[in-house]
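Asks: This is input-v8.txt (compact mmCIF, C-alpha atoms).
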# COMPACT_ATOMS: atom_id res chain seq x y z
CA MET A 206 89.12 66.28 34.75
CA SER A 207 85.52 67.38 35.18
CA ARG A 208 84.55 70.94 36.06
CA PHE A 209 83.43 69.71 39.49
CA SER A 210 86.83 68.15 40.26
CA ALA A 211 88.67 71.23 38.98
CA PHE A 212 86.61 73.49 41.29
CA PHE A 213 87.55 71.47 44.39
CA ALA A 214 91.21 71.39 43.34
CA VAL A 215 91.28 75.19 43.13
CA LEU A 216 89.41 75.51 46.46
CA PHE A 217 91.87 73.16 48.17
CA ALA A 218 94.85 75.14 46.85
CA PHE A 219 93.30 78.40 48.10
CA VAL A 220 92.66 77.01 51.59
CA CYS A 221 96.21 75.70 51.82
CA ALA A 222 97.58 79.09 50.76
CA VAL A 223 95.80 80.98 53.59
CA PRO A 224 98.12 81.12 56.61
CA ALA A 225 96.65 79.98 59.90
CA LEU A 226 97.32 81.69 63.19
CA ALA A 227 100.18 80.07 65.07
CA PHE A 228 98.03 79.91 68.24
CA ASP A 229 94.74 81.30 69.53
CA VAL A 230 94.64 84.72 71.19
CA SER A 231 91.46 86.55 72.21
CA VAL A 232 91.21 90.04 73.70
CA LYS A 233 88.47 91.97 75.46
CA ALA A 234 88.52 95.59 76.65
CA ASN A 235 85.99 97.31 78.88
CA VAL A 236 85.53 100.01 81.54
CA ASP A 237 83.84 99.59 84.91
CA ASN A 238 81.82 102.79 84.36
CA ALA A 239 80.98 104.09 80.88
CA GLN A 240 79.56 107.39 82.21
CA VAL A 241 81.58 109.41 84.73
CA PHE A 242 81.87 112.98 85.95
CA VAL A 243 84.84 115.27 85.35
CA GLY A 244 87.63 114.36 87.78
CA ASP A 245 86.21 110.92 88.65
CA MET A 246 88.53 107.92 88.39
CA PHE A 247 87.46 104.71 86.68
CA ASN A 248 89.11 101.46 85.57
CA TYR A 249 89.94 100.46 82.00
CA GLU A 250 90.68 96.74 81.70
CA ILE A 251 92.16 94.60 78.92
CA GLN A 252 91.84 90.80 79.19
CA VAL A 253 93.92 88.56 76.94
CA THR A 254 93.40 84.80 76.70
CA ALA A 255 96.47 83.06 75.29
CA PRO A 256 98.63 79.94 75.83
CA GLU A 257 100.02 79.77 79.36
CA ASN A 258 103.63 79.88 78.13
CA ALA A 259 103.08 82.98 75.96
CA ILE A 260 104.88 86.27 76.55
CA VAL A 261 102.14 88.89 76.29
CA ASP A 262 102.80 92.62 75.98
CA LEU A 263 100.98 95.86 75.15
CA PRO A 264 103.54 97.68 72.97
CA SER A 265 101.04 100.41 72.01
CA PHE A 266 100.12 101.21 75.65
CA VAL A 267 102.56 104.07 76.32
CA GLY A 268 101.81 107.15 78.45
CA ASN A 269 98.28 108.57 78.63
CA LEU A 270 95.31 107.33 76.61
CA GLY A 271 94.18 110.28 74.51
CA SER A 272 92.26 112.66 76.78
CA PHE A 273 92.59 110.32 79.77
CA GLU A 274 95.42 110.45 82.28
CA VAL A 275 96.75 107.08 83.52
CA LYS A 276 96.91 107.34 87.32
CA GLU A 277 97.87 103.72 88.03
CA MET A 278 98.70 100.64 85.96
CA LYS A 279 98.84 97.02 87.10
CA ASN A 280 98.72 93.62 85.44
CA GLU A 281 98.45 89.97 86.42
CA LYS A 282 98.46 86.49 84.96
CA VAL A 283 95.58 84.18 85.95
CA THR A 284 95.59 80.40 85.38
CA GLU A 285 93.02 79.34 87.99
CA GLY A 286 89.76 78.31 86.38
CA MET A 287 91.24 78.48 82.88
CA PRO A 288 91.39 75.53 80.44
CA LYS A 289 94.57 73.49 80.69
CA GLY A 290 97.48 75.08 78.84
CA SER A 291 95.88 78.54 78.65
CA ALA A 292 95.99 81.62 80.86
CA LYS A 293 94.33 85.01 81.18
CA PHE A 294 96.58 88.08 81.14
CA VAL A 295 94.89 91.13 82.64
CA TRP A 296 95.93 94.79 82.46
CA GLN A 297 94.01 97.34 84.54
CA ALA A 298 94.60 101.08 84.25
CA THR A 299 93.02 103.65 86.54
CA LEU A 300 92.07 106.71 84.46
CA ASN A 301 90.56 110.14 84.91
CA THR A 302 90.11 113.36 82.93
CA PHE A 303 89.10 116.96 83.52
CA VAL A 304 87.60 117.43 80.06
CA SER A 305 83.92 116.69 79.45
CA GLY A 306 82.53 115.10 76.31
CA ASP A 307 82.02 111.79 74.52
CA PHE A 308 85.28 109.90 74.04
CA LEU A 309 86.55 106.66 72.57
CA ILE A 310 89.52 104.89 74.11
CA ALA A 311 91.44 103.90 70.99
CA PRO A 312 92.15 100.23 70.18
CA GLN A 313 95.27 98.91 71.93
CA GLN A 314 97.57 96.42 70.21
CA VAL A 315 98.26 93.18 72.07
CA GLN A 316 101.32 91.16 71.09
CA ALA A 317 101.72 87.52 72.15
CA VAL A 318 104.90 85.52 71.54
CA VAL A 319 105.33 81.75 71.84
CA GLY A 320 108.75 80.58 70.72
CA SER A 321 109.35 82.00 67.25
CA ASP A 322 105.63 82.66 66.59
CA THR A 323 104.09 86.09 67.17
CA VAL A 324 100.39 87.02 67.06
CA LYS A 325 99.18 90.64 67.16
CA VAL A 326 95.54 91.50 67.95
CA ASN A 327 93.82 94.86 68.54
CA THR A 328 91.18 95.53 71.17
CA ASP A 329 87.87 97.14 70.24
CA PRO A 330 87.49 100.87 70.99
CA VAL A 331 85.67 101.60 74.26
CA ALA A 332 83.21 104.52 74.61
CA VAL A 333 83.25 106.74 77.72
CA LYS A 334 80.99 109.73 78.41
CA VAL A 335 82.40 112.40 80.75
CA SER A 336 79.83 114.83 82.18
CA THR A 337 80.23 118.08 84.08
CA ARG A 338 78.86 118.42 87.60
CA THR A 339 76.90 121.63 86.80
CA THR A 340 73.26 121.76 85.76
CA GLY A 341 73.65 124.51 83.16
CA GLU A 342 71.42 126.92 85.16
CA GLU A 343 74.32 128.93 86.64
CA THR A 344 74.67 131.09 83.52
CA ASP A 345 71.00 132.07 83.65
CA ILE A 346 71.30 133.11 87.29
CA LEU A 347 74.32 135.28 86.58
CA GLU A 348 72.60 136.96 83.66
CA VAL A 349 69.57 138.11 85.66
CA GLU A 350 71.36 141.42 86.40
CA ASP A 351 73.85 143.32 84.29
CA PRO A 352 77.42 143.24 85.57
CA LEU A 353 78.22 146.12 87.90
CA ASP A 354 80.74 148.74 86.77
CA ASP A 355 83.42 149.85 89.19
CA PRO A 356 83.29 153.67 89.15
CA ARG A 357 86.53 154.04 91.07
CA LEU A 358 89.05 152.89 88.44
CA PRO A 359 88.78 152.92 84.63
CA GLN A 360 89.36 149.68 82.75
CA TRP A 361 92.70 150.76 81.26
CA VAL A 362 94.16 150.94 84.78
CA PHE A 363 93.43 147.25 85.32
CA VAL A 364 95.05 146.41 81.97
CA LEU A 365 98.13 148.42 82.92
CA LEU A 366 98.39 146.69 86.29
CA ILE A 367 98.22 143.29 84.59
CA VAL A 368 100.98 144.24 82.12
CA VAL A 369 103.20 145.54 84.93
CA GLY A 370 102.59 142.40 86.96
CA VAL A 371 103.56 140.16 84.06
CA ALA A 372 106.71 142.22 83.43
CA LEU A 373 107.70 141.90 87.10
CA LEU A 374 107.25 138.13 86.98
CA VAL A 375 109.39 137.88 83.84
CA PHE A 376 112.11 139.99 85.43
CA LEU A 377 112.01 137.94 88.65
CA GLY A 378 112.32 134.69 86.66
CA TRP A 379 115.28 136.06 84.68
CA PHE A 380 116.99 137.29 87.86
CA LEU A 381 116.60 133.96 89.67
CA HIS A 382 117.78 132.01 86.64
CA LYS A 383 120.88 134.19 86.32
CA LYS A 384 121.60 133.95 90.04
CA PHE A 385 121.38 130.17 90.33
CA SER A 386 122.94 129.37 86.96
CA LYS A 387 126.19 131.03 88.00
CA ALA A 388 126.97 128.15 90.32
CA GLY A 389 126.62 125.78 87.36
CA ALA A 390 125.30 122.25 87.39
CA ALA A 391 127.27 119.62 89.23
CA PRO A 392 129.56 117.72 86.83
CA ARG A 393 128.00 114.46 85.70
CA LEU A 394 129.94 111.31 86.57
CA PRO A 395 131.05 108.95 83.79
CA PRO A 396 128.60 106.05 83.16
CA TYR A 397 130.57 103.41 85.11
CA GLU A 398 131.20 105.57 88.19
CA GLU A 399 127.60 106.82 88.15
CA ALA A 400 126.20 103.27 88.05
CA VAL A 401 128.53 102.01 90.84
CA LEU A 402 127.42 104.88 93.10
CA ALA A 403 123.74 104.31 92.23
CA LEU A 404 123.99 100.58 93.11
CA LYS A 405 125.65 101.43 96.42
CA GLU A 406 122.86 103.87 97.32
CA LEU A 407 120.18 101.34 96.26
CA ARG A 408 121.60 98.58 98.46
CA ALA A 409 121.83 100.96 101.42
CA LYS A 410 118.02 101.24 101.32
CA ASN A 411 117.66 97.50 102.18
CA TYR A 412 114.64 97.02 99.91
CA LEU A 413 115.22 93.27 99.51
CA ALA A 414 115.71 92.71 103.25
CA GLU A 415 112.39 94.49 103.87
CA GLY A 416 110.62 92.44 101.17
CA ASN A 417 110.09 95.48 98.94
CA GLN A 418 110.97 93.83 95.62
CA GLY A 419 108.87 96.24 93.55
CA ASP A 420 110.92 99.35 94.41
CA TYR A 421 114.18 97.39 94.29
CA PHE A 422 113.70 96.05 90.76
CA MET A 423 112.26 99.36 89.56
CA ALA A 424 115.51 101.06 90.63
CA LEU A 425 117.79 98.21 89.46
CA GLY A 426 116.22 98.17 85.99
CA PHE A 427 116.63 101.95 85.72
CA ILE A 428 120.30 101.81 86.78
CA ALA A 429 121.10 99.02 84.30
CA ARG A 430 119.29 100.72 81.40
CA ARG A 431 120.84 104.13 82.12
CA TYR A 432 124.32 102.60 82.29
CA VAL A 433 123.92 100.74 78.97
CA GLU A 434 122.32 103.80 77.36
CA ARG A 435 125.19 106.13 78.35
CA ARG A 436 128.02 103.60 77.98
CA PHE A 437 126.99 102.31 74.55
CA GLU A 438 125.01 105.32 73.25
CA VAL A 439 121.65 103.65 72.69
CA ASP A 440 118.17 105.01 73.49
CA ILE A 441 116.55 102.40 75.79
CA LEU A 442 115.69 104.19 79.05
CA ASP A 443 111.97 104.63 78.28
CA ALA A 444 111.58 101.72 75.84
CA THR A 445 108.79 99.17 76.26
CA VAL A 446 109.80 95.51 76.53
CA ALA A 447 109.06 94.97 72.83
CA GLU A 448 111.08 98.04 71.84
CA LEU A 449 113.88 96.99 74.19
CA LYS A 450 114.25 93.64 72.39
CA GLN A 451 114.67 95.37 69.04
CA ARG A 452 117.09 98.06 70.23
CA MET A 453 119.32 95.78 72.32
CA ALA A 454 119.93 93.57 69.29
CA HIS A 455 121.80 96.46 67.61
CA VAL A 456 123.96 97.63 70.55
CA ALA A 457 127.57 97.64 69.38
CA GLY A 458 130.28 96.62 71.84
CA LEU A 459 128.03 94.92 74.41
CA PRO A 460 128.46 91.12 74.72
CA GLN A 461 125.51 89.10 73.41
CA ALA A 462 124.86 87.52 76.82
CA TYR A 463 124.28 90.96 78.36
CA LYS A 464 122.09 92.07 75.43
CA GLU A 465 119.79 89.12 76.18
CA SER A 466 119.95 89.43 79.98
CA VAL A 467 118.96 93.14 79.93
CA VAL A 468 115.77 92.09 78.11
CA THR A 469 115.28 89.10 80.45
CA LEU A 470 115.54 91.40 83.49
CA ALA A 471 112.78 93.61 82.08
CA GLU A 472 110.50 90.66 81.22
CA GLU A 473 111.02 88.82 84.51
CA THR A 474 110.52 91.83 86.78
CA GLU A 475 107.53 93.44 85.03
CA PRO A 476 105.06 91.42 87.17
CA VAL A 477 107.13 92.27 90.27
CA LYS A 478 107.04 96.02 89.59
CA PHE A 479 103.43 96.34 88.44
CA ALA A 480 101.52 93.28 89.72
CA LYS A 481 103.19 92.87 93.14
CA MET A 482 104.42 89.37 92.35
CA LYS A 483 107.56 88.04 94.09
CA LEU A 484 110.77 86.37 92.94
CA ASP A 485 112.43 83.75 95.15
CA GLY A 486 115.49 84.76 97.16
CA GLU A 487 117.96 82.95 94.93
CA ARG A 488 116.69 84.77 91.84
CA CYS A 489 116.92 88.12 93.64
CA ARG A 490 120.55 87.41 94.55
CA PHE A 491 121.24 86.44 90.93
CA TRP A 492 120.06 89.80 89.58
CA ASP A 493 121.82 91.70 92.36
CA GLU A 494 125.15 90.02 91.48
CA TRP A 495 124.40 90.31 87.75
CA ALA A 496 124.41 94.11 88.02
CA ASP A 497 127.97 94.03 89.42
CA ARG A 498 129.12 91.68 86.65
CA LEU A 499 127.57 93.91 83.98
CA LEU A 500 129.53 96.92 85.22
CA GLU A 501 132.83 95.10 85.74
CA ASP A 502 132.73 93.22 82.43
CA THR A 503 131.93 96.34 80.39
CA LYS A 504 133.73 99.14 82.23
CA PRO A 505 135.91 101.33 79.99
CA SER A 506 139.56 100.45 79.49
CA PRO A 507 142.30 102.89 80.64
CA GLU A 508 142.67 104.04 77.03
CA GLU A 509 138.94 104.81 76.80
CA LYS A 510 139.09 106.75 80.07
CA LYS A 511 141.94 108.89 78.75
CA ALA A 512 139.97 109.60 75.59
CA GLU A 513 136.93 110.63 77.67
CA GLN A 514 139.05 112.98 79.79
CA LYS A 515 140.41 114.69 76.66
CA VAL A 516 136.87 115.25 75.42
Could you show the structure in this file as structure tokens?
Replies:
Amino acid sequence: MSRFSAFFAVLFAFVCAVPALAFDVSVKANVDNAQVFVGDMFNYEIQVTAPENAIVDLPSFVGNLGSFEVKEMKNEKVTEGMPKGSAKFVWQATLNTFVSGDFLIAPQQVQAVVGSDTVKVNTDPVAVKVSTRTTGEETDILEVEDPLDDPRLPQWVFVLLIVVGVALLVFLGWFLHKKFSKAGAAPRLPPYEEAVLALKELRAKNYLAEGNQGDYFMALGFIARRYVERRFEVDILDATVAELKQRMAHVAGLPQAYKESVVTLAEETEPVKFAKMKLDGERCRFWDEWADRLLEDTKPSPEEKKAEQKV
């Protein structure tokens, strides 16, 4: 074999050894105003282009973004005007801050899943400058004259008054705490009874009849997660969808069908809760009846109830 042929053989083997992405995913992050004043609200947007059948999530997008407070969060899926078989997934967060300076919104991880294939991509950091509303001349104006001394009371009297005031506040807080803690907190219901009562109160609000699916599924998802968390001792109440998939897989004692359907409920109702999308009536009835089945199929046996009462 010539040196030329050997070179191409090695090159071919190297190319074949490099894994290719399972599918194409592109991300873009930007703000609608890169220079704002303290207290102003602005929009931070992440656009993800992926296959139309992909499940796209932002597992790293939890809580506030560094120095910025998330006031509102919404997302949507857009297929109109996109190439066939692809879609654009858009997240938009309304942010503000009361701290001035030059900031970078850190890269956010985007996770896209199609079947058994998963692709993770990070957004680029986005720069935002936050300015104060003052001109910087106020200090000079104040320093034109020396501060006036109050001849009536010496400074130590003010310090003493402050100390006494703080002591009174501490005493008042201790007194109120002692007074109201005597009554004691109301006894917490067992998980099953608590969930049954919560479902009854939710249905009494008639959210579905009024077309308010967002509030209904927000409450239903909370009730289901809280019940599973307390009944099976697993931390899922504040989990993202990606975290929920991992944690539900290890819940002991819960039938596999309910492990999967708890995750499905979260995935299917995310657009309803945050993007104002709607489910059809039949699907709403399914999830409403599913909640009753979850409680009845997993409620504690009489033996378990006796053990709980002893504890």
Asks: Select all residues near (124.1, 101.8, 75.5) (cut-off 12 Å, inclusive, file coordinates), counting only C-alpha atoms, and output them as a short mmCIF file (atom, residue, chain, number, x, y, z; two decimals) with C-alpha atoms, in the coordinates of the input.
Replies:
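Result went into selection_31.cif, see below:
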data_model
loop_
_atom_site.label_atom_id
_atom_site.label_comp_id
_atom_site.auth_asym_id
_atom_site.auth_seq_id
_atom_site.Cartn_x
_atom_site.Cartn_y
_atom_site.Cartn_z
CA PRO A 396 128.60 106.05 83.16
CA TYR A 397 130.57 103.41 85.11
CA ILE A 428 120.30 101.81 86.78
CA ALA A 429 121.10 99.02 84.30
CA ARG A 430 119.29 100.72 81.40
CA ARG A 431 120.84 104.13 82.12
CA TYR A 432 124.32 102.60 82.29
CA VAL A 433 123.92 100.74 78.97
CA GLU A 434 122.32 103.80 77.36
CA ARG A 435 125.19 106.13 78.35
CA ARG A 436 128.02 103.60 77.98
CA PHE A 437 126.99 102.31 74.55
CA GLU A 438 125.01 105.32 73.25
CA VAL A 439 121.65 103.65 72.69
CA ASP A 440 118.17 105.01 73.49
CA ILE A 441 116.55 102.40 75.79
CA LEU A 442 115.69 104.19 79.05
CA LEU A 449 113.88 96.99 74.19
CA ARG A 452 117.09 98.06 70.23
CA MET A 453 119.32 95.78 72.32
CA ALA A 454 119.93 93.57 69.29
CA HIS A 455 121.80 96.46 67.61
CA VAL A 456 123.96 97.63 70.55
CA ALA A 457 127.57 97.64 69.38
CA GLY A 458 130.28 96.62 71.84
CA LEU A 459 128.03 94.92 74.41
CA PRO A 460 128.46 91.12 74.72
CA TYR A 463 124.28 90.96 78.36
CA LYS A 464 122.09 92.07 75.43
CA VAL A 467 118.96 93.14 79.93
CA THR A 503 131.93 96.34 80.39
#
Asks: Here is a test: counting all atoms listed in the file, which residue of A:Glu398, A:Glu250, A:Asp485, A:Glu465 is nearest to A:Thr328?
Replies: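 Using all atoms listed in the file, the shortest distance to A:Thr328 belongs to A:Glu250.
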Asks: What does the structure give for the distance between atom CA of A:Gly486 and atom CA of A:Ala317, in Å to one decimal?
Replies: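 That distance, rounded to one decimal, is 28.7 Å.
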Asks: Looking at A:Gly306, A:Lys289, A:Val253, A:Glu415, which one is nearest to A:Phe273, with distances taken over only C-alpha atoms?
Replies: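 Looking only at the distances to A:Phe273, the closest residue turns out to be A:Gly306.
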Asks: Ranking A:Leu374, A:Pro395, A:Gln297, A:Val326 by minimum distance to A:Lys279 and counting all atoms listed in the file, which one comes first?
Replies: A:Gln297
Asks: Pull the neighbourhood of (92.8, 105.0, 71.2) for me: all residues within 8 Å in file coordinates, counting only C-alpha atoms, as a ChimeraX atom specification.
Replies: /A:270-271,309-313,330
Asks: Next, write the just-selected residues to a file, as a PDB file, keeping the file's coordinate frame, keeping C-alpha atoms as the atom set.
Replies:
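Result written to part39.pdb:
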ATOM      1  CA  LEU A 270      95.310 107.330  76.610  1.00  0.00           C
ATOM      2  CA  GLY A 271      94.180 110.280  74.510  1.00  0.00           C
ATOM      3  CA  LEU A 309      86.550 106.660  72.570  1.00  0.00           C
ATOM      4  CA  ILE A 310      89.520 104.890  74.110  1.00  0.00           C
ATOM      5  CA  ALA A 311      91.440 103.900  70.990  1.00  0.00           C
ATOM      6  CA  PRO A 312      92.150 100.230  70.180  1.00  0.00           C
ATOM      7  CA  GLN A 313      95.270  98.910  71.930  1.00  0.00           C
ATOM      8  CA  PRO A 330      87.490 100.870  70.990  1.00  0.00           C
TER       9      PRO A 330
END
Asks: Can you pull out every residue within 9 Å of A:Ile251, counting only C-alpha atoms, but drop anything in the same chain fewer than 4 positions away, and send it as number ranges by chain?
Replies: A: 232-236, 294-298, 313, 328
Asks: What lies within 10 Å of A:Asp497 using only C-alpha atoms, ignoring chain neighbours under 6 positions off, as a JSON list (two decimals) with C-alpha atoms, in the coordinates of the input?
Replies:
[["chain", "number", "residue", "atom", "x", "y", "z"],
["A", 400, "ALA", "CA", 126.20, 103.27, 88.05],
["A", 401, "VAL", "CA", 128.53, 102.01, 90.84],
["A", 404, "LEU", "CA", 123.99, 100.58, 93.11],
["A", 429, "ALA", "CA", 121.10, 99.02, 84.30]]
Asks: Taking every listed atom of stretch 486-502 of chain A and adding 8 Å to each side, what centre and edge lengths in Å (one decimal) does the axis-aligned box have, as lines of an AutoDock Vina configuration file?
Replies:
center_x = 124.2
center_y = 89.9
center_z = 89.8
size_x = 33.3
size_y = 30.0
size_z = 30.7
Asks: Which value, in Å to one decimal, gives the distance between atom CA of A:Asp245 and atom CA of A:Asn301?
Replies: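 Computing the Euclidean distance for atom CA of A:Asp245 and atom CA of A:Asn301 yields 5.8 Å.
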Asks: Atom CA of A:Leu484 and atom CA of A:Asp262 are how many Å apart?
Replies: 19.8 Å
Asks: Which one is closest to A:Ala496: A:Val241, A:Lys483, A:Gln461, A:Arg408? Count all atoms listed in the file.
Replies: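 Among the listed residues, A:Arg408 lies closest to A:Ala496.
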Asks: With all atoms listed in the file as the basis for distance, which of A:Lys410, A:Lys293, A:Lys325, A:Lys276 is at the shortest distance from A:Phe228?
Replies: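 Closest to A:Phe228, using all atoms listed in the file: A:Lys325.
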Asks: Please provide as a PyMOL selection string all residues within 7 Å of A:Lys478, with the sequence filter that same-chain residues fewer than 2 positions apart are discarded (counting only C-alpha atoms).
Replies: chain A and resi 419+422-423+474-476+480-481
